[in-house]
Amino acid sequence: MNLRNSDRWVPRRRSTRNLIKAHSLIGLFSAALVVVLVITGWALNHNDGLALGARHIKNDWILDLYRISEKPGVQEISSQGLVLATIDDAVFLDAIFLLSTDDTLLGIASYNDVAHVFSSSLVRMYTEQGELIETAILPATISAVGALIDSTLVLELEGGGITGLSLVSFQLELPSTSLPTRWQAFAKRDNPSYPSIVAGWRERRLTLEQALLDIHSGRIFGSIGVWLVDLFGLLLLVLASTGLIVRFRRRRRRSHQIR
């Protein structure tokens, strides 16, 4: 190869070296993101076996990142020494988590060591340890729960009227004594009867499945994270392009050197 050809290839060699440096830097950054995407993607792909939806994030930093408040609004009903509390859709009996539901709860009654939690058309029965015994459909739609008289719970019917529900037979029957004038109702508590329910609620707000989905998509950092994932996709295109250009130039230079 003569000197003129050698001089002609000097700028291209410098350009190729710069491309290689850029390719390496982009490759290092992309490799880290690829590792994150591969791990999160693998975990999500095996969600059923890993039971990610049943696992909850308890890390305060991550919960703060999701803006899960440490002082949520707590609503409480107290009856017969029991405290029924709700935070958003989470329901607690005393300090025990019962369930998450969108049903509007109306009240609670205890009979034979069984806690009866009422909504307008359902009653859920729990042990003192918070274990679900049974869910039953009420014989009538109700709008309020009153006091328990012997084994009969006084209820207000939807649309008006008062009746009683036997907690033995689950049949409607009026109690033998006078009916109460006060109905159970949730009251807001800035200081809940059981402060531990707030920590329990907070720890149940975010599942590992949701966190991995948000990491995989970048949404864990909000709209900025989504743009970062988009930028990562663009970097992969740049990485592929620079790799092809470098390879093409090297092959072309080698062919000229052979000539």
# chains A, B, ... in the order shown; residues from 1 in each chain; ligands from 1
$ residues_around --residues "A:Leu63" --least-positions-apart "6" --cutoff "9 Å" --atoms "only C-alpha atoms" --output "count of residues only"
6
$ closest_atom_pairs --of "stretch 45-147 of chain A" --to "stretch 195-200 of chain A" --cutoff "9 Å" --atoms "only C-alpha atoms" --output "JSON lines"
{"residue": "A:Glu70", "atom": "CA", "partner": "A:Val198", "partner_atom": "CA", "distance": 7.1}
{"residue": "A:Lys71", "atom": "CA", "partner": "A:Val198", "partner_atom": "CA", "distance": 7.4}
{"residue": "A:Pro72", "atom": "CA", "partner": "A:Val198", "partner_atom": "CA", "distance": 7.3}
{"residue": "A:Val74", "atom": "CA", "partner": "A:Val198", "partner_atom": "CA", "distance": 8.3}
{"residue": "A:Ala85", "atom": "CA", "partner": "A:Ile197", "partner_atom": "CA", "distance": 8.5}
{"residue": "A:Ile87", "atom": "CA", "partner": "A:Val198", "partner_atom": "CA", "distance": 8.0}
{"residue": "A:Phe92", "atom": "CA", "partner": "A:Ile197", "partner_atom": "CA", "distance": 7.2}
{"residue": "A:Asp94", "atom": "CA", "partner": "A:Ile197", "partner_atom": "CA", "distance": 8.3}
{"residue": "A:Ala95", "atom": "CA", "partner": "A:Ile197", "partner_atom": "CA", "distance": 5.6}
{"residue": "A:Ile96", "atom": "CA", "partner": "A:Ile197", "partner_atom": "CA", "distance": 7.5}
{"residue": "A:Phe97", "atom": "CA", "partner": "A:Gly200", "partner_atom": "CA", "distance": 7.6}
$ closest_residue --among "A:Trp227, A:Tyr194, A:Tyr66, A:Tyr111" --to "A:Thr152" --atoms "only C-alpha atoms"
A:Tyr111
$ atom_distance --atom1 "atom CA of A:Gln171" --atom2 "atom CA of A:Pro139"
7.1 Å
$ atom_distance --atom1 "atom CA of A:Leu174" --atom2 "atom CA of A:Gly107"
18.4 Å
$ select_by_dssp --residues "stretch 131-218 of chain A" --states "helix (DSSP H, G or I)" --output "VMD selection string"
chain A and resid 196 to 203 208 to 217
$ residues_around --residues "A:Val114" --least-positions-apart "2" --cutoff "7 Å" --atoms "only C-alpha atoms" --output "list of chain:residue names"
A:Ser110, A:Tyr111, A:Asn112, A:His116, A:Met125, A:Tyr126, A:Thr127, A:Glu128
$ write_last_selection --atoms "N, CA and C atoms" --output "compact mmCIF listing (two decimals), in the first residue's frame"
# COMPACT_ATOMS: atom_id res chain seq x y z
N SER A 110 -70.59 -9.42 67.74
CA SER A 110 -69.91 -10.62 68.20
C SER A 110 -70.91 -11.52 68.90
N TYR A 111 -70.89 -12.80 68.50
CA TYR A 111 -71.77 -13.78 69.13
C TYR A 111 -71.06 -15.13 69.13
N ASN A 112 -71.01 -15.75 70.33
CA ASN A 112 -70.33 -17.03 70.51
C ASN A 112 -68.89 -17.00 69.98
N HIS A 116 -69.04 -10.94 63.42
CA HIS A 116 -69.86 -10.81 62.21
C HIS A 116 -69.67 -9.41 61.65
N MET A 125 -68.12 -13.88 58.58
CA MET A 125 -67.90 -14.35 59.94
C MET A 125 -66.44 -14.76 60.12
N TYR A 126 -65.84 -14.27 61.23
CA TYR A 126 -64.43 -14.48 61.50
C TYR A 126 -64.21 -15.02 62.91
N THR A 127 -63.13 -15.77 63.06
CA THR A 127 -62.70 -16.16 64.39
C THR A 127 -62.02 -14.98 65.07
N GLU A 128 -61.69 -15.16 66.36
CA GLU A 128 -60.97 -14.10 67.07
C GLU A 128 -59.59 -13.87 66.51
$ atom_distance --atom1 "atom CA of A:Lys58" --atom2 "atom CA of A:Ile77"
27.5 Å
$ closest_residue --among "A:Val83, A:Leu132, A:Leu122, A:Leu153" --to "A:Leu98" --atoms "only C-alpha atoms"
A:Leu132
$ residues_around --residues "stretch 35-45 of chain A" --least-positions-apart "5" --cutoff "10 Å" --atoms "only C-alpha atoms" --output "list in words"
Ser30, Leu50, Ala51, Leu52, Leu208, Glu209, Gln210, Ala211, Leu212, Leu213, Asp214, Ile215, His216, Ser217, Gly218 and Val229 of chain A
$ write_last_selection --atoms "C-alpha atoms" --output "PDB file, in the first residue's frame"
ATOM      1  CA  SER A  30     -26.784  -0.692  28.276  1.00  0.00           C
ATOM      2  CA  LEU A  50     -42.794 -17.181  42.740  1.00  0.00           C
ATOM      3  CA  ALA A  51     -46.158 -15.874  44.068  1.00  0.00           C
ATOM      4  CA  LEU A  52     -45.050 -12.270  43.560  1.00  0.00           C
ATOM      5  CA  LEU A 208     -43.441  -7.357  44.765  1.00  0.00           C
ATOM      6  CA  GLU A 209     -45.192  -8.047  41.451  1.00  0.00           C
ATOM      7  CA  GLN A 210     -46.219  -4.397  41.063  1.00  0.00           C
ATOM      8  CA  ALA A 211     -42.756  -3.142  42.019  1.00  0.00           C
ATOM      9  CA  LEU A 212     -41.067  -5.428  39.466  1.00  0.00           C
ATOM     10  CA  LEU A 213     -43.539  -4.367  36.769  1.00  0.00           C
ATOM     11  CA  ASP A 214     -42.763  -0.721  37.492  1.00  0.00           C
ATOM     12  CA  ILE A 215     -38.995  -1.352  37.481  1.00  0.00           C
ATOM     13  CA  HIS A 216     -39.272  -3.285  34.215  1.00  0.00           C
ATOM     14  CA  SER A 217     -41.216  -0.462  32.548  1.00  0.00           C
ATOM     15  CA  GLY A 218     -39.400   2.394  34.316  1.00  0.00           C
ATOM     16  CA  VAL A 229     -36.507   3.188  29.224  1.00  0.00           C
TER      17      VAL A 229
END
$ select_by_dssp --residues "stretch 12-227 of chain A" --states "strand (DSSP E or B)" --output "PyMOL selection string"
chain A and resi 56+74-79+82-87+90-93+96-100+105-111+114-119+122-126+132-137+142-149+152-157+162-166+172+187-189+207
$ write_last_selection --atoms "C-alpha atoms" --output "PDB file, in the first residue's frame"
ATOM      1  CA  HIS A  56     -45.302  -7.279  49.882  1.00  0.00           C
ATOM      2  CA  VAL A  74     -58.486   5.630  59.601  1.00  0.00           C
ATOM      3  CA  GLN A  75     -62.206   4.980  60.100  1.00  0.00           C
ATOM      4  CA  GLU A  76     -63.384   2.984  63.128  1.00  0.00           C
ATOM      5  CA  ILE A  77     -66.474   1.347  64.586  1.00  0.00           C
ATOM      6  CA  SER A  78     -66.360   0.121  68.201  1.00  0.00           C
ATOM      7  CA  SER A  79     -68.929  -2.399  69.421  1.00  0.00           C
ATOM      8  CA  LEU A  82     -64.338  -5.039  69.147  1.00  0.00           C
ATOM      9  CA  VAL A  83     -62.832  -2.407  66.873  1.00  0.00           C
ATOM     10  CA  LEU A  84     -63.555  -2.581  63.150  1.00  0.00           C
ATOM     11  CA  ALA A  85     -61.175  -0.276  61.265  1.00  0.00           C
ATOM     12  CA  THR A  86     -60.803   0.585  57.597  1.00  0.00           C
ATOM     13  CA  ILE A  87     -57.962   2.293  55.751  1.00  0.00           C
ATOM     14  CA  ALA A  90     -58.151  -2.568  53.886  1.00  0.00           C
ATOM     15  CA  VAL A  91     -60.261  -3.879  56.764  1.00  0.00           C
ATOM     16  CA  PHE A  92     -58.898  -4.687  60.244  1.00  0.00           C
ATOM     17  CA  LEU A  93     -60.508  -6.368  63.218  1.00  0.00           C
ATOM     18  CA  ILE A  96     -55.686  -8.104  62.628  1.00  0.00           C
ATOM     19  CA  PHE A  97     -55.950  -7.598  58.869  1.00  0.00           C
ATOM     20  CA  LEU A  98     -59.127  -9.245  57.529  1.00  0.00           C
ATOM     21  CA  LEU A  99     -59.445  -8.422  53.844  1.00  0.00           C
ATOM     22  CA  SER A 100     -59.363  -5.813  51.116  1.00  0.00           C
ATOM     23  CA  LEU A 105     -69.151  -1.859  55.637  1.00  0.00           C
ATOM     24  CA  LEU A 106     -71.937  -1.000  58.063  1.00  0.00           C
ATOM     25  CA  GLY A 107     -71.102  -2.575  61.384  1.00  0.00           C
ATOM     26  CA  ILE A 108     -69.959  -5.483  63.512  1.00  0.00           C
ATOM     27  CA  ALA A 109     -71.425  -7.862  66.079  1.00  0.00           C
ATOM     28  CA  SER A 110     -69.912 -10.615  68.202  1.00  0.00           C
ATOM     29  CA  TYR A 111     -71.772 -13.782  69.125  1.00  0.00           C
ATOM     30  CA  VAL A 114     -67.525 -15.173  66.237  1.00  0.00           C
ATOM     31  CA  ALA A 115     -67.171 -11.680  64.772  1.00  0.00           C
ATOM     32  CA  HIS A 116     -69.862 -10.812  62.215  1.00  0.00           C
ATOM     33  CA  VAL A 117     -68.880  -8.036  59.792  1.00  0.00           C
ATOM     34  CA  PHE A 118     -71.818  -6.578  57.863  1.00  0.00           C
ATOM     35  CA  SER A 119     -72.151  -4.859  54.508  1.00  0.00           C
ATOM     36  CA  LEU A 122     -73.389  -9.759  53.073  1.00  0.00           C
ATOM     37  CA  VAL A 123     -72.153 -10.880  56.450  1.00  0.00           C
ATOM     38  CA  ARG A 124     -68.643 -12.246  56.877  1.00  0.00           C
ATOM     39  CA  MET A 125     -67.899 -14.354  59.936  1.00  0.00           C
ATOM     40  CA  TYR A 126     -64.427 -14.483  61.495  1.00  0.00           C
ATOM     41  CA  LEU A 132     -62.693 -16.351  57.739  1.00  0.00           C
ATOM     42  CA  ILE A 133     -65.309 -18.937  58.744  1.00  0.00           C
ATOM     43  CA  GLU A 134     -68.084 -18.228  56.276  1.00  0.00           C
ATOM     44  CA  THR A 135     -69.656 -15.598  54.049  1.00  0.00           C
ATOM     45  CA  ALA A 136     -73.456 -15.489  53.928  1.00  0.00           C
ATOM     46  CA  ILE A 137     -75.998 -13.475  51.948  1.00  0.00           C
ATOM     47  CA  ILE A 142     -79.771  -3.278  55.031  1.00  0.00           C
ATOM     48  CA  SER A 143     -78.555   0.284  55.489  1.00  0.00           C
ATOM     49  CA  ALA A 144     -77.454   0.303  59.148  1.00  0.00           C
ATOM     50  CA  VAL A 145     -76.492  -2.015  62.007  1.00  0.00           C
ATOM     51  CA  GLY A 146     -77.694  -1.488  65.565  1.00  0.00           C
ATOM     52  CA  ALA A 147     -77.166  -3.301  68.844  1.00  0.00           C
ATOM     53  CA  LEU A 148     -77.196  -7.006  69.623  1.00  0.00           C
ATOM     54  CA  ILE A 149     -80.086  -7.981  71.928  1.00  0.00           C
ATOM     55  CA  THR A 152     -80.762 -10.934  67.680  1.00  0.00           C
ATOM     56  CA  LEU A 153     -79.061  -8.051  65.896  1.00  0.00           C
ATOM     57  CA  VAL A 154     -81.166  -4.992  65.157  1.00  0.00           C
ATOM     58  CA  LEU A 155     -80.908  -3.806  61.549  1.00  0.00           C
ATOM     59  CA  GLU A 156     -82.263  -0.927  59.521  1.00  0.00           C
ATOM     60  CA  LEU A 157     -83.661  -1.993  56.171  1.00  0.00           C
ATOM     61  CA  ILE A 162     -86.375  -1.824  61.303  1.00  0.00           C
ATOM     62  CA  THR A 163     -85.971  -5.559  61.706  1.00  0.00           C
ATOM     63  CA  GLY A 164     -83.873  -8.054  63.611  1.00  0.00           C
ATOM     64  CA  LEU A 165     -81.572 -10.811  62.436  1.00  0.00           C
ATOM     65  CA  SER A 166     -81.076 -13.934  64.505  1.00  0.00           C
ATOM     66  CA  LEU A 172     -85.340 -12.098  60.260  1.00  0.00           C
ATOM     67  CA  ALA A 187     -65.783   7.705  62.856  1.00  0.00           C
ATOM     68  CA  LYS A 188     -62.510   9.186  61.675  1.00  0.00           C
ATOM     69  CA  ARG A 189     -59.586   8.605  64.050  1.00  0.00           C
ATOM     70  CA  THR A 207     -46.750  -6.089  46.103  1.00  0.00           C
TER      71      THR A 207
END
$ decode --residues "stretch 151-173 of chain A" --atoms "C-alpha atoms" --output "CSV table (one decimal), in the first residue's frame"
chain,number,residue,atom,x,y,z
A,151,SER,CA,-78.9,-13.4,69.9
A,152,THR,CA,-80.8,-10.9,67.7
A,153,LEU,CA,-79.1,-8.1,65.9
A,154,VAL,CA,-81.2,-5.0,65.2
A,155,LEU,CA,-80.9,-3.8,61.5
A,156,GLU,CA,-82.3,-0.9,59.5
A,157,LEU,CA,-83.7,-2.0,56.2
A,158,GLU,CA,-82.8,-0.2,53.0
A,159,GLY,CA,-85.7,2.0,52.1
A,160,GLY,CA,-86.8,2.3,55.7
A,161,GLY,CA,-88.1,0.0,58.5
A,162,ILE,CA,-86.4,-1.8,61.3
A,163,THR,CA,-86.0,-5.6,61.7
A,164,GLY,CA,-83.9,-8.1,63.6
A,165,LEU,CA,-81.6,-10.8,62.4
A,166,SER,CA,-81.1,-13.9,64.5
A,167,LEU,CA,-77.4,-14.8,64.6
A,168,VAL,CA,-78.4,-18.4,65.4
A,169,SER,CA,-80.7,-19.1,62.5
A,170,PHE,CA,-80.0,-16.1,60.2
A,171,GLN,CA,-83.7,-15.5,59.9
A,172,LEU,CA,-85.3,-12.1,60.3
A,173,GLU,CA,-87.1,-11.7,63.6
